[in-house]
Each structure stands twice: as structure tokens, then as C-alpha cells.
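Below: the structure, in C-alpha cells.
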Amino acid sequence: MTARIEDYALLSDCRTAALVSTEGSIDWLCLPRLDSASVFAALLGDEHHGRWQLRPVDADAVSTRRYDGDTFVLVTRWRSGDAIAEVHEVMPVVDDPEASVLRTDIVRRIVGIRGEMRFVQHLTLRFDYARAMPWVRQTGTEDDPCLVAMAGPDAVAIRGARLEPNDHEHAGDVVIREGEVRDLQLTWFPSHRDLPARLDADAVFADTAQWWQEWADRITHEGPHHAEVVRSLLILRALSNRETGGIAAAATMGLPEDVGGERNWDYRYVWLRDAALTLEALVDHGFLHLADAWRTWLLRAVAGDPADLQIMYGPAGERDITERALTHLPGFEDSRPVRLGNGAATQYQADVVGEVVVTLAAARAAGVHESTFSWALQKQLLRFAADQIDRPDQGLWEIRGEPRYFTHSRVMMWAAFDRGVRAVEDDGLDGPVDTWRGLRDRLRAEIDERGVRDGCFVQHADTDEVDASLLLLPQVGYCRPDDPRMLATVERIEQTLMRDGFVYRYRTATGVDGLPGPEGAFLACSFWLVEQYACTGRIHEAEQLMGRLCALANDVGMLSEEYDPAAGRQLGNTPQAFSHLALVRAADALARKMHRPRG
């Protein structure tokens, strides 16, 4: 049985990521990229689907863990009787992009603190989402053991301690004494190439910790929840591909929004919406240089014809992320199907252009200069939005039911044209301002007529239901937070979408999303309510809700997509960019209202 979602910590090299459980097991690792096939997939099944566990032999040993400062160097301290030892784990961040194509590494260092402790390794390598049993051979010596496994284009080497075969896995003990250090290394490399040289582990730990800490030291933030903001921004950076500029929505696939149900999606891709909002959070805290990298990524992904725009792409802008089921994987706690790829890529989601244009406008206002292509790209996106203006969509929540005229989507289209008008009128850029102004005014008239019922904003034009995405309307300037319609909407959300102190996206019982089963409380929605409370003077309620939400993070500060208050557990893919960027916005809103300036 796998651990709970909140039992995992993240290792990242800004290209791929590993999830390490509190039991010292790497249960999820895709190599060499975040969207590559897995080598370890016990997260979506059991140990037979791939894992690398390193823990004391003593089953009663207890552990605590932390990151080493503001880094992704994970330190787990084990106690077994009077003995104490630590495991330090890192994925090296490689400066040379050519080198990173040829190898990816994880280093696990065992450090003896007090007494003597015996550790055991359990290694099960299963390539291609556990569909490929590798050819495994011993290539090292007694003094320098090395195990190499190959399957198709991929090879993995494990060095540092002897491993012996045992019923389709490999196992071995490592004894560590006070003052001793033992380094274990995993190296992925293309199977047609020679085994890369062993890393200098001392240099790897020092250089990687320095890289992360120097990045974190550039964060500009002062105010409440500072530690949570810093860790959230670090997680957003960890989900950003250092080479391509693509920003993934999460590090995992298939983790359920309803345990045992079918709401299990692949989130390892770049949603334009999520990436744009992540970029806005990073730019707002001092990382203006990332805006140019992402704009370049966007140009490559969108390419020539905006009519071919997708709402998500692969980390390098790949378009083919066709959804299919991996029927051989039993899923996290029997949550099936496990989906690879994401069918939402082919959906029309009318809000996406708005999020992108709003973010790029914010970057421009922060001092990021338009390049020779960036404004031309935005004009093309606005032309695409104009061509689609009468088309219903699947909306922010990617419903798999009937397309609708979702109020949030229409507002984001309004915001897109509004930023286009402002770019011409305020920033002196060129564009068909009269056309954009006319479309903006038309959308406002439509929203005010069809998106409001009984003085309250509604989910879409054909319902009286509310939707948590309506909390975003003031954030993009459509209305003031204290607009009477907004206040009425908040009251309805509190009445119908808030349970056990947290906000749900919408009422799944209406069938609007075309899917069976319930889901957990969507964490970003509750953070949006914190921001709304703060902006309307409900500071005490904002602080209380913020405190409850931050308390849901695990011991190393990670949040998944959703939370189940009844079961007291995280749900959905993890760590989730949407949750962490919403946390950052909520903390900023509290800081502003409490008159504590950000740096």
C-alpha cells in the first residue's frame, strides 16, 4: 500500500522530479523529463511497479525530515533506539543543458550521527510506466559495486552499495556508524551511450544547495506567512523547466480527486493558464527575467496560426499529449483509470487568452520590455479571441459536459480586450483599439445582463448556481471587491460551496462537469476567498481561513490540488502550482491590507 499524498517530499532539478515518502521510498520518478515515462511508479500501484527505498532495517525506527534551508536538499533524520543517522537527498541542478540531456542523477547520502544503524535498500526498476522489465547486470567490483538496468532507450545505474537479486527486485544492507558517510547514486543515461562517470557527491550537495539558496535569496517578500510564500515560490520554480521555460501544473499524474473514483488526471504538462498565473506570481516577487523565457516558450508553442492554439502543451511545447488509460496500473488506492496524457488539450477554454494577456500586461507594467515578437504574439492571441467570441467553452474547470457561456470565461475575454485597449492607450503600442474597445464593451454588457441573477454573479448564463471561479472577477479588474454583486456572490459561495471551512469549485451534483462522483475542496478556491476577504476588510476571517489552509501543507510545505476535510487528507496531483500560486497571492493580499510592505 502506498503512502498518503501528504507523506511525500519533492526532489527537483528543474527538469524532472522525484517523490520521496516518509518511509524513505522514492515512489515516483520519470526520467529524464517530468513528462517522460516513469522508472518508479509505486505511487500508482505498489512496490512491484517500481521504487527505491532506503530506510533503517529496524521497523520501529522513526523519522523527521526537513529541507536544508530554502533548497530542495531533503534531510531525513532517523532514530533507532539510541542510534541516530540522517539521509540527505538531492537532484543536482546542471548548468550545462547539453550535459543534462545525457544524464540525470539522484544522490542519497547516509550520515552516521550517533551509534550504529543498519539501513536496507529495496530497488525495483520498472521502465515505461512499469510496462518494461529491464535487463539488469552487475558491472562494478566488490569495492565499487554498480548495478546497471536497461530497457529500450533508457538505462539506469545504481552505485555505492552492493545489491543482490531477490524475486524481481534487488536488495542490500548498508551499516553506518557515527562519523561515517556513505553515498548512493542513481544515474539515468541513454542506453546507447557509455555509463557516465560517478559524481563528486560533496560538490553536488554544496553546489545544488547554493543554487537553490541563491535563487530563494532573490525573493522580494515581507509580511505574514513569509516562510510559506518562499517555499511556494521555490515549488513553482521546481516545476519550471530550466531549459525550455515551460511551467508544469504539477509533478505527478493519476493522483485522485476522489479516492477510488475516476477523476485521475495527468498534470505534468504546461497549461497556458497555470503557467501564466505562475509567471505573474514570480514576476511580482522579483523574477522579471523569467517572463522573457516564458514568452519565448509561448511563441514556440503557439507557432504560426493562433487558430491552432491549445490550452496546454508539453514542457518544450509539444502538441501531442493524447489521453489514454494505463490499464495495467491499479492506481493510487485503486483509483482508476490511471490516465496518461490529457484530453483537455483539445478543449476550447475561452479564459486562457485572457490569463496570458493579463499576465504579459502585468509583466510589462513591472518593467519587462516588449520584444520584437512579444506584442505581435499578443495581437495574434487577441485576434483569435475575437474570432471565438460567440463560442461556448469548457471553462476554467475543463468540464467534460456540454460547453457553456461560463461567466468567468466571458470575464477573462473581457480582460483580454481590456488589456489590449490599455496597451494602445497607455503604453503607446499599436493595434486595432476601436475593435478591441467594442468587443470589450459588448462583453461587459452581455456579462452584466446574462451573468447576473438576482444581484449575484452566476456560473454560466443558463443557471442560478455559483462557482468559485467568480472570486477571480475582482482580481482582473472586472469589478471592485466590494461591488454589491460581488458581495452577494461571496455570500452565496459561503452558503452553497463552503463546507467544513473550505471552498469547493462548484456543486458536482448538478452534473455540469459530465463526470460521476464527488471531489475534495479545491485549495486554490479557498485562497481566493482569503484574498476577497482581505480586500473587503474581513481581515479576521481572512487570517483564520489562511491559517487553516497553511496548516494543510505537509511537513515540508507541499500542497496538492484538493483536500478532503472528512478524511483529513490531501487529494489530487502534487505539488500543485495552482494551490501554491494562490497561496502567494493570498499572503500578498493580507500583507497589503495589514500595511506591511513587501520588499
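Chain labels follow the order of the C-alpha cells: the first chain is A, the next B, and so on; residue numbering restarts at 1 in every chain, and ligands are counted from 1 in their shown order.
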Which residues, written as a list in words, have at least one atom at most 8 Å from Ala415 in chain A, with only C-alpha atoms counted and residues fewer than 4 positions away on the same chain left out? Gly354, Val358, Val411, Arg419, Arg440, Val476, Gly477 and Tyr478 of chain A
Write out as JSON lines a residue-level contact list of range 158-259 of chain A versus range 124-137 of chain A with cut-off 12 Å: for each qualifying residue the closest pair of atoms and the distance in Å to one decimal, counting only C-alpha atoms, rows sorted by chain and residue number upward.
```
{"residue": "A:Ile158", "atom": "CA", "partner": "A:Leu125", "partner_atom": "CA", "distance": 10.4}
{"residue": "A:Leu163", "atom": "CA", "partner": "A:Arg137", "partner_atom": "CA", "distance": 10.6}
{"residue": "A:Glu164", "atom": "CA", "partner": "A:Arg137", "partner_atom": "CA", "distance": 10.3}
{"residue": "A:Pro165", "atom": "CA", "partner": "A:Val136", "partner_atom": "CA", "distance": 9.5}
{"residue": "A:Asn166", "atom": "CA", "partner": "A:Thr124", "partner_atom": "CA", "distance": 10.0}
{"residue": "A:Asp167", "atom": "CA", "partner": "A:Thr124", "partner_atom": "CA", "distance": 10.0}
{"residue": "A:His168", "atom": "CA", "partner": "A:Thr124", "partner_atom": "CA", "distance": 7.2}
{"residue": "A:Glu169", "atom": "CA", "partner": "A:Thr124", "partner_atom": "CA", "distance": 4.7}
{"residue": "A:His170", "atom": "CA", "partner": "A:Thr124", "partner_atom": "CA", "distance": 6.5}
{"residue": "A:Ala171", "atom": "CA", "partner": "A:Thr124", "partner_atom": "CA", "distance": 8.8}
{"residue": "A:Leu186", "atom": "CA", "partner": "A:Leu125", "partner_atom": "CA", "distance": 11.3}
{"residue": "A:Trp188", "atom": "CA", "partner": "A:Phe127", "partner_atom": "CA", "distance": 11.4}
{"residue": "A:Ser191", "atom": "CA", "partner": "A:Trp135", "partner_atom": "CA", "distance": 11.1}
{"residue": "A:Met253", "atom": "CA", "partner": "A:Tyr129", "partner_atom": "CA", "distance": 11.1}
{"residue": "A:Gly254", "atom": "CA", "partner": "A:Tyr129", "partner_atom": "CA", "distance": 11.8}
```
Need the shell around range 543-552 of chain A: protein/DNA/RNA residues with any atom at most 8 Å away, counting only C-alpha atoms. Skip same-chain ones fewer than 4 positions apart. Format as a PyMOL selection string? chain A and resi 228+501+523+526-527+530+539+559+570+586+590
Write out the residues from the selection above, keeping N, CA, C and O atoms, as an mmCIF file, in the first residue's frame.
```
data_model
loop_
_atom_site.group_PDB
_atom_site.id
_atom_site.type_symbol
_atom_site.label_atom_id
_atom_site.label_comp_id
_atom_site.auth_asym_id
_atom_site.auth_seq_id
_atom_site.Cartn_x
_atom_site.Cartn_y
_atom_site.Cartn_z
ATOM 1 N N GLU A 228 5.919 30.316 4.155
ATOM 2 C CA GLU A 228 5.053 29.619 3.205
ATOM 3 C C GLU A 228 5.166 30.218 1.806
ATOM 4 O O GLU A 228 5.128 29.488 0.799
ATOM 5 N N GLY A 501 -15.363 24.497 6.421
ATOM 6 C CA GLY A 501 -14.400 25.591 6.443
ATOM 7 C C GLY A 501 -13.584 25.774 5.188
ATOM 8 O O GLY A 501 -12.662 26.599 5.163
ATOM 9 N N LEU A 523 -8.128 23.695 -3.185
ATOM 10 C CA LEU A 523 -7.421 24.584 -2.271
ATOM 11 C C LEU A 523 -7.281 25.999 -2.812
ATOM 12 O O LEU A 523 -7.396 26.971 -2.066
ATOM 13 N N SER A 526 -10.172 28.329 -1.906
ATOM 14 C CA SER A 526 -10.174 28.872 -0.546
ATOM 15 C C SER A 526 -9.171 30.006 -0.404
ATOM 16 O O SER A 526 -9.428 30.992 0.302
ATOM 17 N N PHE A 527 -8.014 29.891 -1.065
ATOM 18 C CA PHE A 527 -7.064 31.005 -1.052
ATOM 19 C C PHE A 527 -7.656 32.227 -1.751
ATOM 20 O O PHE A 527 -7.404 33.371 -1.335
ATOM 21 N N VAL A 530 -9.686 33.991 0.723
ATOM 22 C CA VAL A 530 -8.841 34.770 1.632
ATOM 23 C C VAL A 530 -8.578 36.148 1.032
ATOM 24 O O VAL A 530 -8.707 37.177 1.712
ATOM 25 N N ILE A 539 -10.652 41.092 7.703
ATOM 26 C CA ILE A 539 -9.278 40.661 7.958
ATOM 27 C C ILE A 539 -9.241 39.471 8.904
ATOM 28 O O ILE A 539 -8.470 38.517 8.685
ATOM 29 N N LEU A 559 1.605 21.393 -0.948
ATOM 30 C CA LEU A 559 0.151 21.293 -1.079
ATOM 31 C C LEU A 559 -0.189 20.594 -2.392
ATOM 32 O O LEU A 559 0.418 20.873 -3.424
ATOM 33 N N GLN A 570 -4.880 15.119 1.886
ATOM 34 C CA GLN A 570 -4.755 15.810 0.613
ATOM 35 C C GLN A 570 -5.222 14.898 -0.520
ATOM 36 O O GLN A 570 -5.136 13.673 -0.428
ATOM 37 N N ALA A 586 -2.738 35.193 -1.864
ATOM 38 C CA ALA A 586 -3.492 35.442 -0.630
ATOM 39 C C ALA A 586 -2.601 36.087 0.427
ATOM 40 O O ALA A 586 -3.016 37.023 1.125
ATOM 41 N N LEU A 590 -3.070 39.844 2.193
ATOM 42 C CA LEU A 590 -3.053 40.096 3.631
ATOM 43 C C LEU A 590 -1.974 41.104 3.996
ATOM 44 O O LEU A 590 -2.196 41.991 4.824
#
```
With only C-alpha atoms as the counted atoms, please give the residues lying no more than 10 Å from His221 in chain A, apart from itself and same-chain residues fewer than 2 positions off, as a list in words.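 Contacts, with the query itself left out: Arg218, Ile219, Gly223, Pro224, His225, His226, Ala227, Val229, Val230, Asp284, His285, Gly286, Val584, Ala587, Asp588, Ala591, Arg596, Pro597, Arg598 and Gly599 of chain A.
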Please identify the alpha helix (DSSP H) residues within range 432-537 of chain A (assignment by DSSP from backbone atoms) and present them as a ChimeraX atom specification. /A:433-450,484-496,523-535
Please identify all polymer residues within 9 Å of Asp564 in chain A, counting only C-alpha atoms, omitting same-chain residues fewer than 4 positions from it, and present them as a PyMOL selection string. chain A and resi 257-258+519-521+568-571
